[in-house]
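Source file: target_20.pdb; contents: PDB, C-alpha atoms and all ligand atoms.
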```
ATOM      1  CA  MET P   1     316.004 172.070-167.901
ATOM      2  CA  CYS P   2     317.641 169.323-169.933
ATOM      3  CA  SER P   3     317.355 166.848-167.128
ATOM      4  CA  GLY P   4     313.700 167.728-166.915
ATOM      5  CA  MET P   5     313.274 166.792-170.535
ATOM      6  CA  SER P   6     314.897 163.409-170.285
ATOM      7  CA  GLY P   7     312.994 162.826-167.089
ATOM      8  CA  ILE P   8     309.768 163.136-168.992
ATOM      9  CA  ARG P   9     311.033 160.824-171.667
ATOM     10  CA  ASP P  10     311.934 158.210-169.079
ATOM     11  CA  GLN P  11     308.591 158.532-167.472
ATOM     12  CA  TYR P  12     306.691 157.842-170.645
ATOM     13  CA  PRO P  13     308.593 155.282-172.672
ATOM     14  CA  GLY P  14     307.342 154.051-175.991
ATOM     15  CA  GLY P  15     304.283 156.225-176.404
ATOM     16  CA  GLY P  16     300.798 154.904-175.776
ATOM     17  CA  SER P  17     298.659 156.372-173.083
ATOM     18  CA  MET P  18     300.346 159.191-171.282
ATOM     19  CA  LYS P  19     298.367 160.686-168.492
ATOM     20  CA  SER P  20     298.211 158.369-165.547
ATOM     21  CA  GLU P  21     294.724 159.004-164.204
ATOM     22  CA  LYS P  22     292.114 157.684-166.590
ATOM     23  CA  LYS P  23     288.680 159.193-166.507
ATOM     24  CA  TRP P  24     285.401 157.408-167.099
ATOM     25  CA  TYR P  25     285.177 158.934-170.554
ATOM     26  CA  ASP P  26     288.443 157.328-171.568
ATOM     27  CA  TYR P  27     286.566 154.057-171.781
ATOM     28  CA  LEU P  28     283.889 155.187-174.214
ATOM     29  CA  TRP P  29     285.617 153.150-176.915
ATOM     30  CA  ILE P  30     283.903 150.174-175.304
ATOM     31  CA  ALA P  31     280.532 151.762-176.049
ATOM     32  CA  SER P  32     281.547 152.341-179.657
ATOM     33  CA  ALA P  33     282.678 148.766-180.109
ATOM     34  CA  ALA P  34     279.562 147.479-178.361
ATOM     35  CA  TYR P  35     277.388 149.550-180.669
ATOM     36  CA  LEU P  36     278.754 147.861-183.769
ATOM     37  CA  ILE P  37     278.401 144.432-182.205
ATOM     38  CA  LEU P  38     274.842 145.004-180.965
ATOM     39  CA  GLY P  39     273.746 146.050-184.441
ATOM     40  CA  PHE P  40     274.853 142.670-185.620
ATOM     41  CA  PHE P  41     272.327 140.997-183.353
ATOM     42  CA  ASN P  42     269.482 143.454-183.337
ATOM     43  CA  ILE P  43     269.394 146.253-185.863
ATOM     44  CA  MET P  44     267.174 148.414-183.672
ATOM     45  CA  PHE P  45     270.188 149.217-181.517
ATOM     46  CA  ALA P  46     271.361 151.343-184.443
ATOM     47  CA  TRP P  47     269.058 154.057-183.153
ATOM     48  CA  LEU P  48     271.483 154.642-180.299
ATOM     49  CA  GLY P  49     273.926 155.989-182.873
ATOM     50  CA  LEU P  50     271.921 159.179-182.969
ATOM     51  CA  LEU P  51     273.722 160.060-179.762
ATOM     52  CA  CYS P  52     276.968 160.352-181.755
ATOM     53  CA  PHE P  53     275.191 162.899-183.901
ATOM     54  CA  PHE P  54     273.362 164.999-181.402
ATOM     55  CA  ILE P  55     275.847 165.129-178.546
ATOM     56  CA  PRO P  56     278.738 166.617-180.569
ATOM     57  CA  LEU P  57     276.381 169.083-182.242
ATOM     58  CA  LEU P  58     274.824 170.169-178.970
ATOM     59  CA  ILE P  59     278.220 170.595-177.311
ATOM     60  CA  SER P  60     279.510 172.713-180.175
ATOM     61  CA  VAL P  61     276.351 174.801-180.443
ATOM     62  CA  ILE P  62     275.900 175.364-176.721
ATOM     63  CA  LYS P  63     279.447 175.440-175.432
ATOM     64  CA  GLY P  64     281.277 176.430-178.595
ATOM     65  CA  ASN P  65     283.981 173.822-178.283
ATOM     66  CA  LYS P  66     284.903 170.407-179.570
ATOM     67  CA  GLY P  67     284.513 168.714-176.220
ATOM     68  CA  TYR P  68     283.033 165.698-177.912
ATOM     69  CA  CYS P  69     286.076 165.046-180.099
ATOM     70  CA  ASN P  70     288.501 166.084-177.418
ATOM     71  CA  ARG P  71     287.003 163.905-174.695
ATOM     72  CA  TYR P  72     284.031 161.704-175.303
ATOM     73  CA  CYS P  73     284.279 160.273-178.783
ATOM     74  CA  GLY P  74     284.577 156.523-178.426
ATOM     75  CA  ARG P  75     285.211 156.004-182.080
ATOM     76  CA  GLY P  76     288.331 158.149-182.016
ATOM     77  CA  GLN P  77     289.500 156.262-178.938
ATOM     78  CA  LEU P  78     288.875 152.948-180.658
ATOM     79  CA  PHE P  79     291.077 153.952-183.591
ATOM     80  CA  ALA P  80     293.750 155.281-181.234
ATOM     81  CA  LEU P  81     293.725 151.984-179.381
ATOM     82  CA  LEU P  82     293.783 149.701-182.418
ATOM     83  CA  GLY P  83     296.298 151.800-184.318
ATOM     84  CA  GLY P  84     298.402 152.732-181.311
ATOM     85  CA  ARG P  85     298.444 150.053-178.629
ATOM     86  CA  PHE P  86     297.721 147.217-181.061
ATOM     87  CA  GLY P  87     300.028 148.626-183.701
ATOM     88  CA  LEU P  88     297.590 148.275-186.595
ATOM     89  CA  SER P  89     298.799 151.445-188.252
ATOM     90  CA  ARG P  90     301.735 152.363-190.447
ATOM     91  CA  LYS P  91     301.812 155.744-188.693
ATOM     92  CA  LYS P  92     302.580 157.607-191.897
ATOM     93  CA  ASP P  93     301.559 161.156-192.696
ATOM     94  CA  ILE P  94     298.167 161.515-194.305
ATOM     95  CA  PRO P  95     298.428 162.859-197.878
ATOM     96  CA  GLY P  96     298.056 166.608-198.178
ATOM     97  CA  TRP P  97     294.853 166.525-200.203
ATOM     98  CA  MET P  98     293.052 164.580-197.507
ATOM     99  CA  LYS P  99     293.530 167.356-195.004
ATOM    100  CA  SER P 100     292.703 170.130-197.442
ATOM    101  CA  ARG P 101     289.522 172.079-196.857
ATOM    102  CA  TRP P 102     288.313 170.991-200.239
ATOM    103  CA  PHE P 103     288.351 167.390-199.320
ATOM    104  CA  ARG P 104     287.101 167.817-195.771
ATOM    105  CA  TYR P 105     284.154 170.005-196.704
ATOM    106  CA  GLY P 106     283.549 167.991-199.854
ATOM    107  CA  PHE P 107     283.324 164.810-197.833
ATOM    108  CA  LEU P 108     281.006 166.518-195.370
ATOM    109  CA  ILE P 109     278.647 167.492-198.189
ATOM    110  CA  PHE P 110     278.831 164.061-199.760
ATOM    111  CA  PHE P 111     278.076 162.522-196.392
ATOM    112  CA  PHE P 112     275.056 164.750-195.961
ATOM    113  CA  VAL P 113     273.698 163.961-199.403
ATOM    114  CA  MET P 114     273.990 160.276-198.639
ATOM    115  CA  PHE P 115     272.388 160.820-195.273
ATOM    116  CA  PHE P 116     269.391 162.538-196.778
ATOM    117  CA  GLN P 117     269.103 159.815-199.349
ATOM    118  CA  MET P 118     268.923 157.383-196.445
ATOM    119  CA  LEU P 119     266.198 159.482-194.828
ATOM    120  CA  TRP P 120     264.315 159.482-198.106
ATOM    121  CA  THR P 121     264.454 155.696-198.308
ATOM    122  CA  THR P 122     263.144 155.589-194.749
ATOM    123  CA  TRP P 123     260.330 157.952-195.653
ATOM    124  CA  LEU P 124     259.314 155.780-198.579
ATOM    125  CA  VAL P 125     258.890 152.840-196.230
ATOM    126  CA  PHE P 126     256.909 154.965-193.792
ATOM    127  CA  ALA P 127     254.685 156.155-196.608
ATOM    128  CA  GLY P 128     254.150 152.599-197.768
ATOM    129  CA  ALA P 129     255.685 153.326-201.149
ATOM    130  CA  SER P 130     258.545 150.935-200.692
ATOM    131  CA  ASP P 131     259.249 147.681-198.889
ATOM    132  CA  LEU P 132     261.664 147.324-196.025
ATOM    133  CA  HIS P 133     265.156 146.366-197.163
ATOM    134  CA  GLN P 134     266.712 144.119-194.575
ATOM    135  CA  THR P 135     270.181 144.976-195.777
ATOM    136  CA  VAL P 136     273.139 147.041-194.710
ATOM    137  CA  LYS P 137     274.637 149.171-197.437
ATOM    138  CA  LEU P 138     278.391 149.261-197.267
ATOM    139  CA  LEU P 139     280.362 152.158-198.757
ATOM    140  CA  TRP P 140     277.084 153.445-200.203
ATOM    141  CA  THR P 141     277.080 150.704-202.824
ATOM    142  CA  ILE P 142     277.376 147.116-201.596
ATOM    143  CA  ARG P 143     274.198 145.661-200.147
ATOM    144  CA  LEU P 144     274.883 143.087-197.457
ATOM    145  CA  PRO P 145     272.103 140.797-196.273
ATOM    146  CA  TRP P 146     271.430 141.550-192.604
ATOM    147  CA  ASN P 147     268.059 139.886-192.066
ATOM    148  CA  TRP P 148     269.238 137.914-189.004
ATOM    149  CA  ALA P 149     269.388 141.134-187.039
ATOM    150  CA  TYR P 150     265.768 142.003-187.688
ATOM    151  CA  HIS P 151     263.196 140.706-185.240
ATOM    152  CA  GLY P 152     260.206 142.804-186.186
ATOM    153  CA  THR P 153     259.188 146.173-184.881
ATOM    154  CA  LEU P 154     256.410 147.357-182.610
ATOM    155  CA  ILE P 155     255.793 150.666-184.281
ATOM    156  CA  HIS P 156     256.374 150.714-187.998
ATOM    157  CA  GLU P 157     258.686 149.077-190.508
ATOM    158  CA  GLY P 158     260.005 152.531-191.272
ATOM    159  CA  MET P 159     261.644 152.531-187.858
ATOM    160  CA  ALA P 160     263.566 149.461-188.887
ATOM    161  CA  GLN P 161     264.445 150.991-192.246
ATOM    162  CA  PHE P 162     266.003 153.925-190.478
ATOM    163  CA  ALA P 163     267.930 151.553-188.230
ATOM    164  CA  PHE P 164     269.310 149.668-191.231
ATOM    165  CA  GLY P 165     270.211 152.932-192.906
ATOM    166  CA  PHE P 166     271.828 154.424-189.860
ATOM    167  CA  TYR P 167     273.794 151.298-189.123
ATOM    168  CA  SER P 168     275.013 151.406-192.728
ATOM    169  CA  VAL P 169     276.315 154.925-192.165
ATOM    170  CA  MET P 170     278.085 153.914-188.970
ATOM    171  CA  LEU P 171     279.581 150.739-190.400
ATOM    172  CA  THR P 172     280.709 152.477-193.575
ATOM    173  CA  SER P 173     282.453 155.228-191.659
ATOM    174  CA  THR P 174     284.076 152.683-189.358
ATOM    175  CA  ILE P 175     285.423 150.796-192.336
ATOM    176  CA  LEU P 176     286.768 153.953-193.956
ATOM    177  CA  GLY P 177     288.288 154.897-190.619
ATOM    178  CA  LEU P 178     289.935 151.518-190.189
ATOM    179  CA  PHE P 179     291.279 151.721-193.707
ATOM    180  CA  THR P 180     292.921 155.098-193.181
ATOM    181  CA  MET P 181     294.031 154.023-189.693
ATOM    182  CA  VAL P 182     296.072 151.220-191.231
ATOM    183  CA  LEU P 183     297.444 153.341-194.063
ATOM    184  CA  PHE P 184     298.186 156.524-192.135
ATOM    185  CA  LYS P 185     298.003 157.486-188.483
ATOM    186  CA  PRO P 186     295.626 155.772-186.037
ATOM    187  CA  ARG P 187     293.099 158.590-185.877
ATOM    188  CA  SER P 188     293.311 159.656-189.534
ATOM    189  CA  TRP P 189     289.528 159.373-189.677
ATOM    190  CA  CYS P 190     289.366 162.446-187.447
ATOM    191  CA  VAL P 191     290.882 164.509-190.257
ATOM    192  CA  TYR P 192     287.882 164.006-192.537
ATOM    193  CA  CYS P 193     285.226 162.838-190.065
ATOM    194  CA  PRO P 194     282.030 164.735-190.985
ATOM    195  CA  MET P 195     281.098 165.266-187.337
ATOM    196  CA  GLY P 196     284.563 166.598-186.611
ATOM    197  CA  THR P 197     284.476 168.954-189.580
ATOM    198  CA  MET P 198     280.982 170.121-188.785
ATOM    199  CA  THR P 199     281.617 170.794-185.108
ATOM    200  CA  GLN P 200     284.786 172.697-185.969
ATOM    201  CA  LEU P 201     282.794 174.739-188.456
ATOM    202  CA  ILE P 202     280.140 175.505-185.850
ATOM    203  CA  CYS P 203     282.833 176.556-183.365
ATOM    204  CA  ARG P 204     284.414 178.820-185.991
ATOM    205  CA  VAL P 205     281.130 180.563-186.695
ATOM    206  CA  LYS P 206     280.043 180.728-183.084
ATOM    207  CA  ASN P 207     283.306 182.069-181.747
ATOM    208  CA  LYS P 208     283.503 184.668-184.482
ATOM    209  CA  GLU P 209     280.166 186.066-183.363
ATOM    210  CA  ASN P 210     281.373 186.711-179.842
TER     211      ASN P 210
ATOM    212  CA  MET F   1     322.777 177.919-168.343
ATOM    213  CA  GLU F   2     326.335 177.268-169.374
ATOM    214  CA  GLN F   3     325.934 178.514-172.935
ATOM    215  CA  ILE F   4     324.962 182.004-173.851
ATOM    216  CA  ARG F   5     322.854 180.952-176.796
ATOM    217  CA  ARG F   6     320.864 177.856-176.031
ATOM    218  CA  LYS F   7     318.522 176.163-178.399
ATOM    219  CA  ARG F   8     315.341 174.628-177.161
ATOM    220  CA  ARG F   9     312.827 172.495-178.976
ATOM    221  CA  LYS F  10     309.234 173.648-179.059
ATOM    222  CA  ALA F  11     306.072 172.494-180.785
ATOM    223  CA  PHE F  12     304.391 174.674-183.420
ATOM    224  CA  VAL F  13     300.921 174.095-184.827
ATOM    225  CA  GLU F  14     300.019 174.971-188.385
ATOM    226  CA  GLU F  15     296.743 176.417-187.163
ATOM    227  CA  LYS F  16     294.974 176.743-190.502
ATOM    228  CA  ALA F  17     295.254 173.012-191.135
ATOM    229  CA  CYS F  18     294.483 171.828-187.611
ATOM    230  CA  VAL F  19     291.248 169.830-187.365
ATOM    231  CA  ALA F  20     290.883 170.417-183.611
ATOM    232  CA  CYS F  21     290.549 166.751-182.805
ATOM    233  CA  GLY F  22     292.559 167.052-179.615
ATOM    234  CA  CYS F  23     294.713 163.951-180.094
ATOM    235  CA  CYS F  24     297.746 166.076-179.307
ATOM    236  CA  ALA F  25     296.349 167.263-175.973
ATOM    237  CA  LYS F  26     295.686 163.692-174.915
ATOM    238  CA  VAL F  27     299.329 162.680-175.150
ATOM    239  CA  CYS F  28     301.159 165.788-173.972
ATOM    240  CA  PRO F  29     302.913 164.856-170.712
ATOM    241  CA  VAL F  30     302.924 168.420-169.426
ATOM    242  CA  SER F  31     299.539 169.606-170.727
ATOM    243  CA  ALA F  32     301.182 172.268-172.828
ATOM    244  CA  ILE F  33     298.893 171.894-175.813
ATOM    245  CA  SER F  34     295.137 172.267-175.873
ATOM    246  CA  VAL F  35     292.343 172.918-178.311
ATOM    247  CA  TRP F  36     291.332 176.551-178.328
ATOM    248  CA  LYS F  37     287.600 177.229-178.807
ATOM    249  CA  GLY F  38     287.141 174.140-180.914
ATOM    250  CA  ILE F  39     289.045 175.795-183.732
ATOM    251  CA  THR F  40     292.693 174.893-183.444
ATOM    252  CA  ALA F  41     295.278 173.507-181.064
ATOM    253  CA  LYS F  42     297.539 176.049-179.383
ATOM    254  CA  VAL F  43     300.816 175.456-177.584
ATOM    255  CA  ASP F  44     301.727 177.080-174.311
ATOM    256  CA  GLN F  45     305.355 177.757-175.206
ATOM    257  CA  SER F  46     306.342 178.272-171.594
ATOM    258  CA  LYS F  47     305.263 174.735-170.687
ATOM    259  CA  CYS F  48     306.261 172.849-173.843
ATOM    260  CA  VAL F  49     309.371 170.708-173.445
ATOM    261  CA  GLY F  50     309.611 169.810-177.122
ATOM    262  CA  CYS F  51     309.245 166.066-176.598
ATOM    263  CA  GLY F  52     307.419 165.667-179.909
ATOM    264  CA  LYS F  53     304.730 163.329-178.664
ATOM    265  CA  CYS F  54     301.970 165.588-179.952
ATOM    266  CA  ALA F  55     303.578 165.773-183.386
ATOM    267  CA  ALA F  56     303.798 161.992-183.609
ATOM    268  CA  GLU F  57     300.169 161.616-182.585
ATOM    269  CA  CYS F  58     298.596 164.359-184.717
ATOM    270  CA  PRO F  59     296.570 162.584-187.416
ATOM    271  CA  ALA F  60     296.845 165.571-189.720
ATOM    272  CA  SER F  61     300.591 165.931-189.074
ATOM    273  CA  VAL F  62     300.317 169.680-188.624
ATOM    274  CA  ILE F  63     302.660 169.982-185.633
ATOM    275  CA  SER F  64     306.345 170.584-186.172
ATOM    276  CA  ILE F  65     309.073 170.622-183.566
ATOM    277  CA  ARG F  66     311.460 173.492-184.114
ATOM    278  CA  GLU F  67     314.482 174.789-182.335
ATOM    279  CA  VAL F  68     314.125 178.250-180.881
ATOM    280  CA  GLU F  69     316.488 180.522-179.082
ATOM    281  CA  ALA F  70     315.898 180.192-175.400
TER     282      ALA F  70
HETATM  283  S1  LIG E   1     286.669 163.841-185.501
HETATM  284 FE1  LIG E   1     284.997 162.348-185.528
HETATM  285  S2  LIG E   1     285.918 160.410-184.914
HETATM  286 FE2  LIG E   1     287.364 162.021-184.414
HETATM  287  S3  LIG E   1     286.960 162.501-182.305
HETATM  288 FE3  LIG E   1     285.715 163.915-183.509
HETATM  289  S4  LIG E   1     283.729 162.933-183.811
HETATM  290 FE4  LIG E   1     285.180 161.373-183.071
HETATM  291  S1  LIG E   2     306.210 168.804-177.824
HETATM  292 FE1  LIG E   2     305.740 167.559-176.013
HETATM  293  S2  LIG E   2     305.564 169.067-174.364
HETATM  294 FE2  LIG E   2     305.423 170.234-176.269
HETATM  295  S3  LIG E   2     303.236 170.362-176.671
HETATM  296 FE3  LIG E   2     303.999 168.571-177.768
HETATM  297  S4  LIG E   2     303.649 166.858-176.381
HETATM  298 FE4  LIG E   2     303.506 168.731-175.156
HETATM  299  S1  LIG E   3     296.267 166.494-183.061
HETATM  300 FE1  LIG E   3     296.842 167.841-184.756
HETATM  301  S2  LIG E   3     294.944 168.261-185.834
HETATM  302 FE2  LIG E   3     294.375 167.403-183.843
HETATM  303  S3  LIG E   3     294.076 169.210-182.541
HETATM  304 FE3  LIG E   3     296.194 168.572-182.283
HETATM  305  S4  LIG E   3     297.336 169.797-183.786
HETATM  306 FE4  LIG E   3     295.175 169.914-184.362
END
```

Do you think you could lay out the structure here as structure tokens?
Amino acid sequence: MCSGMSGIRDQYPGGGSMKSEKKWYDYLWIASAAYLILGFFNIMFAWLGLLCFFIPLLISVIKGNKGYCNRYCGRGQLFALLGGRFGLSRKKDIPGWMKSRWFRYGFLIFFFVMFFQMLWTTWLVFAGASDLHQTVKLLWTIRLPWNWAYHGTLIHEGMAQFAFGFYSVMLTSTILGLFTMVLFKPRSWCVYCPMGTMTQLICRVKNKEN
Amino acid sequence: MEQIRRKRRKAFVEEKACVACGCCAKVCPVSAISVWKGITAKVDQSKCVGCGKCAAECPASVISIREVEA
């Protein structure tokens, strides 16, 4: 048995990717990176980010598992790659309070409140009560000019407002994720990621029913 | 088995604090750990070789490697 153990160690030196056969979904980090880049050139691409909202929710509601996190999430893969392969992480333990339910659920609620505020801003533009802000709001506070990525819209300016708002959400969470990746372990974001917390919650409820 | 009492290293998950991200399952060389019903990771103790890769990877650091009587 001991020889078996060292055999495995020899086979996989220095960490990094373990399993030899990579599947197509192991490359979804490219899609996540591309998403952020595309939004830099044309903000309307931000709409695609809705996939990262609906797919995990649908998987957890229908199948009752976290298949999205466990397999398909490109963002998690991106952090694993940058923090792991590229070594951009101290690989320290995350502080206890950040993995407490208080913080995780608290962050989820905060995230939702901010999300609805974003929807409200979008609604105001749709209703004609407010002008389109061609800005990306970073960390819910800093407004960055982003007008170069706006090339007009066929339907309504509100569509663009949603795109700006949604891109702000995605960029903000990426920045938070990168920050905690550097400070703690590569995928520290997954500890307090609202989608991760929410899908786990759905699985808890759903699997209790059965 | 030359010794009567052998110690072996196995992974243990603090299930209440697990966020079910599945990072551990991705790195386990023998597929001994997997996410159960989207709630928590669970270790198949018969497969686990105690290499500690999952524990190093776990972003929440909720896996510990402990010695158990074999
Ligand atoms: S917790 Fe969030 S970032 Fe991590 S794998 Fe799940 S959805 Fe992706
Ligand atoms: S200690 Fe090694 S063999 Fe055991 S579950 Fe973790 S990664 Fe797999
Ligand atoms: S890596 Fe850690 S937190 Fe994520 S599923 Fe495995 S044990 Fe749970």

What are the closest atom pairs, with distances in Å to one decimal, for each residue of chain P lying within 10 Å of ligand LIG 3 (chain E), using only C-alpha atoms and all ligand atoms, rows by chain and rising residue number, as JSON lines?
```
{"residue": "P:Lys66", "atom": "CA", "partner": "E:LIG3", "partner_atom": "S3", "distance": 9.7}
{"residue": "P:Cys69", "atom": "CA", "partner": "E:LIG3", "partner_atom": "S3", "distance": 9.3}
{"residue": "P:Asn70", "atom": "CA", "partner": "E:LIG3", "partner_atom": "S3", "distance": 8.2}
{"residue": "P:Lys99", "atom": "CA", "partner": "E:LIG3", "partner_atom": "S2", "distance": 9.3}
{"residue": "P:Arg187", "atom": "CA", "partner": "E:LIG3", "partner_atom": "S1", "distance": 9.0}
{"residue": "P:Ser188", "atom": "CA", "partner": "E:LIG3", "partner_atom": "S2", "distance": 9.5}
{"residue": "P:Cys190", "atom": "CA", "partner": "E:LIG3", "partner_atom": "FE2", "distance": 7.9}
{"residue": "P:Val191", "atom": "CA", "partner": "E:LIG3", "partner_atom": "S2", "distance": 7.1}
```

C-alpha atoms of the current selection, written as an mmCIF file, in the coordinates of the input:
```cif
data_model
loop_
_atom_site.group_PDB
_atom_site.id
_atom_site.type_symbol
_atom_site.label_atom_id
_atom_site.label_comp_id
_atom_site.auth_asym_id
_atom_site.auth_seq_id
_atom_site.Cartn_x
_atom_site.Cartn_y
_atom_site.Cartn_z
ATOM 1 C CA LYS P 66 284.903 170.407 -179.570
ATOM 2 C CA CYS P 69 286.076 165.046 -180.099
ATOM 3 C CA ASN P 70 288.501 166.084 -177.418
ATOM 4 C CA LYS P 99 293.530 167.356 -195.004
ATOM 5 C CA ARG P 187 293.099 158.590 -185.877
ATOM 6 C CA SER P 188 293.311 159.656 -189.534
ATOM 7 C CA CYS P 190 289.366 162.446 -187.447
ATOM 8 C CA VAL P 191 290.882 164.509 -190.257
#
```

### Message
Show me, as an NGL selection string, the residues that have an atom within 7 Å of segment 41-45 of chain P when counting all atoms listed in the file, minus same-chain residues fewer than 4 positions from it.
### Response
:P and (149-150 or 160 or 163-164)

Residue selection dump (C-alpha atoms) as a PDB file, in the coordinates of the input:
```pdb
ATOM      1  CA  ALA P 149     269.388 141.134-187.039  1.00  0.00           C
ATOM      2  CA  TYR P 150     265.768 142.003-187.688  1.00  0.00           C
ATOM      3  CA  ALA P 160     263.566 149.461-188.887  1.00  0.00           C
ATOM      4  CA  ALA P 163     267.930 151.553-188.230  1.00  0.00           C
ATOM      5  CA  PHE P 164     269.310 149.668-191.231  1.00  0.00           C
TER       6      PHE P 164
END
```

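All residues, whether protein, DNA or RNA, that have an atom at most 8 Å from ligand LIG 1 (chain E) (counting only C-alpha atoms and all ligand atoms) are Cys52, Pro56, Lys66, Tyr68, Cys69, Asn70, Arg71, Tyr72, Cys73, Gly74, Arg75, Gly76, Gln77, Arg187, Trp189, Cys190, Val191, Tyr192, Cys193, Pro194, Met195, Gly196 and Thr197 of chain P; Val19, Cys21 and Gly22 of chain F.
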
### Task
I would like the residues chosen by the PyMOL selection byres (((not hetatm)) within 12 of (chain E and resi 2)) on the shown file; could you give them as number ranges by chain?
P: 4-6, 8-9, 12, 15, 18-19; F: 8-13, 22-35, 41-58, 62-67

Go ahead and dump the residues you just picked, C-alpha atoms, as a PDB file, in the frame of the given file.
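Now in out33.pdb:
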```
ATOM      1  CA  GLY P   4     313.700 167.728-166.915  1.00  0.00           C
ATOM      2  CA  MET P   5     313.274 166.792-170.535  1.00  0.00           C
ATOM      3  CA  SER P   6     314.897 163.409-170.285  1.00  0.00           C
ATOM      4  CA  ILE P   8     309.768 163.136-168.992  1.00  0.00           C
ATOM      5  CA  ARG P   9     311.033 160.824-171.667  1.00  0.00           C
ATOM      6  CA  TYR P  12     306.691 157.842-170.645  1.00  0.00           C
ATOM      7  CA  GLY P  15     304.283 156.225-176.404  1.00  0.00           C
ATOM      8  CA  MET P  18     300.346 159.191-171.282  1.00  0.00           C
ATOM      9  CA  LYS P  19     298.367 160.686-168.492  1.00  0.00           C
TER      10      LYS P  19
ATOM     11  CA  ARG F   8     315.341 174.628-177.161  1.00  0.00           C
ATOM     12  CA  ARG F   9     312.827 172.495-178.976  1.00  0.00           C
ATOM     13  CA  LYS F  10     309.234 173.648-179.059  1.00  0.00           C
ATOM     14  CA  ALA F  11     306.072 172.494-180.785  1.00  0.00           C
ATOM     15  CA  PHE F  12     304.391 174.674-183.420  1.00  0.00           C
ATOM     16  CA  VAL F  13     300.921 174.095-184.827  1.00  0.00           C
ATOM     17  CA  GLY F  22     292.559 167.052-179.615  1.00  0.00           C
ATOM     18  CA  CYS F  23     294.713 163.951-180.094  1.00  0.00           C
ATOM     19  CA  CYS F  24     297.746 166.076-179.307  1.00  0.00           C
ATOM     20  CA  ALA F  25     296.349 167.263-175.973  1.00  0.00           C
ATOM     21  CA  LYS F  26     295.686 163.692-174.915  1.00  0.00           C
ATOM     22  CA  VAL F  27     299.329 162.680-175.150  1.00  0.00           C
ATOM     23  CA  CYS F  28     301.159 165.788-173.972  1.00  0.00           C
ATOM     24  CA  PRO F  29     302.913 164.856-170.712  1.00  0.00           C
ATOM     25  CA  VAL F  30     302.924 168.420-169.426  1.00  0.00           C
ATOM     26  CA  SER F  31     299.539 169.606-170.727  1.00  0.00           C
ATOM     27  CA  ALA F  32     301.182 172.268-172.828  1.00  0.00           C
ATOM     28  CA  ILE F  33     298.893 171.894-175.813  1.00  0.00           C
ATOM     29  CA  SER F  34     295.137 172.267-175.873  1.00  0.00           C
ATOM     30  CA  VAL F  35     292.343 172.918-178.311  1.00  0.00           C
ATOM     31  CA  ALA F  41     295.278 173.507-181.064  1.00  0.00           C
ATOM     32  CA  LYS F  42     297.539 176.049-179.383  1.00  0.00           C
ATOM     33  CA  VAL F  43     300.816 175.456-177.584  1.00  0.00           C
ATOM     34  CA  ASP F  44     301.727 177.080-174.311  1.00  0.00           C
ATOM     35  CA  GLN F  45     305.355 177.757-175.206  1.00  0.00           C
ATOM     36  CA  SER F  46     306.342 178.272-171.594  1.00  0.00           C
ATOM     37  CA  LYS F  47     305.263 174.735-170.687  1.00  0.00           C
ATOM     38  CA  CYS F  48     306.261 172.849-173.843  1.00  0.00           C
ATOM     39  CA  VAL F  49     309.371 170.708-173.445  1.00  0.00           C
ATOM     40  CA  GLY F  50     309.611 169.810-177.122  1.00  0.00           C
ATOM     41  CA  CYS F  51     309.245 166.066-176.598  1.00  0.00           C
ATOM     42  CA  GLY F  52     307.419 165.667-179.909  1.00  0.00           C
ATOM     43  CA  LYS F  53     304.730 163.329-178.664  1.00  0.00           C
ATOM     44  CA  CYS F  54     301.970 165.588-179.952  1.00  0.00           C
ATOM     45  CA  ALA F  55     303.578 165.773-183.386  1.00  0.00           C
ATOM     46  CA  ALA F  56     303.798 161.992-183.609  1.00  0.00           C
ATOM     47  CA  GLU F  57     300.169 161.616-182.585  1.00  0.00           C
ATOM     48  CA  CYS F  58     298.596 164.359-184.717  1.00  0.00           C
ATOM     49  CA  VAL F  62     300.317 169.680-188.624  1.00  0.00           C
ATOM     50  CA  ILE F  63     302.660 169.982-185.633  1.00  0.00           C
ATOM     51  CA  SER F  64     306.345 170.584-186.172  1.00  0.00           C
ATOM     52  CA  ILE F  65     309.073 170.622-183.566  1.00  0.00           C
ATOM     53  CA  ARG F  66     311.460 173.492-184.114  1.00  0.00           C
ATOM     54  CA  GLU F  67     314.482 174.789-182.335  1.00  0.00           C
TER      55      GLU F  67
END
```

Mind giving me the axis-aligned box for segment 47-58 of chain F with 4 Å on every side, centre plus edges in Å to one decimal, as AutoDock Vina command-line options?
```
--center_x 304.1 --center_y 168.2 --center_z -177.7 --size_x 19.0 --size_y 21.1 --size_z 22.0
```

#### Entry: Cys18 of chain F environment, 8 Å, only C-alpha atoms, sequence neighbours closer than 2 positions dropped, as a list in words
Val13, Glu14, Glu15, Lys16, Ala20, Ile39, Thr40, Ala41, Ala60 and Val62 of chain F

Check which residues satisfy the PyMOL selection byres (((chain P and resi 123) around 12) and not hetatm) in the file shown, then give them as a short mmCIF file (atom, residue, chain, number, x, y, z; two decimals) with C-alpha atoms, in the frame of the given file.
```
data_model
loop_
_atom_site.label_atom_id
_atom_site.label_comp_id
_atom_site.auth_asym_id
_atom_site.auth_seq_id
_atom_site.Cartn_x
_atom_site.Cartn_y
_atom_site.Cartn_z
CA PHE P 116 269.39 162.54 -196.78
CA GLN P 117 269.10 159.82 -199.35
CA MET P 118 268.92 157.38 -196.44
CA LEU P 119 266.20 159.48 -194.83
CA TRP P 120 264.32 159.48 -198.11
CA THR P 121 264.45 155.70 -198.31
CA THR P 122 263.14 155.59 -194.75
CA LEU P 124 259.31 155.78 -198.58
CA VAL P 125 258.89 152.84 -196.23
CA PHE P 126 256.91 154.96 -193.79
CA ALA P 127 254.68 156.16 -196.61
CA GLY P 128 254.15 152.60 -197.77
CA ALA P 129 255.68 153.33 -201.15
CA SER P 130 258.54 150.94 -200.69
CA ASP P 131 259.25 147.68 -198.89
CA LEU P 132 261.66 147.32 -196.02
CA HIS P 156 256.37 150.71 -188.00
CA GLU P 157 258.69 149.08 -190.51
CA GLY P 158 260.00 152.53 -191.27
CA MET P 159 261.64 152.53 -187.86
CA ALA P 160 263.57 149.46 -188.89
CA GLN P 161 264.44 150.99 -192.25
CA PHE P 162 266.00 153.93 -190.48
CA GLY P 165 270.21 152.93 -192.91
#
```
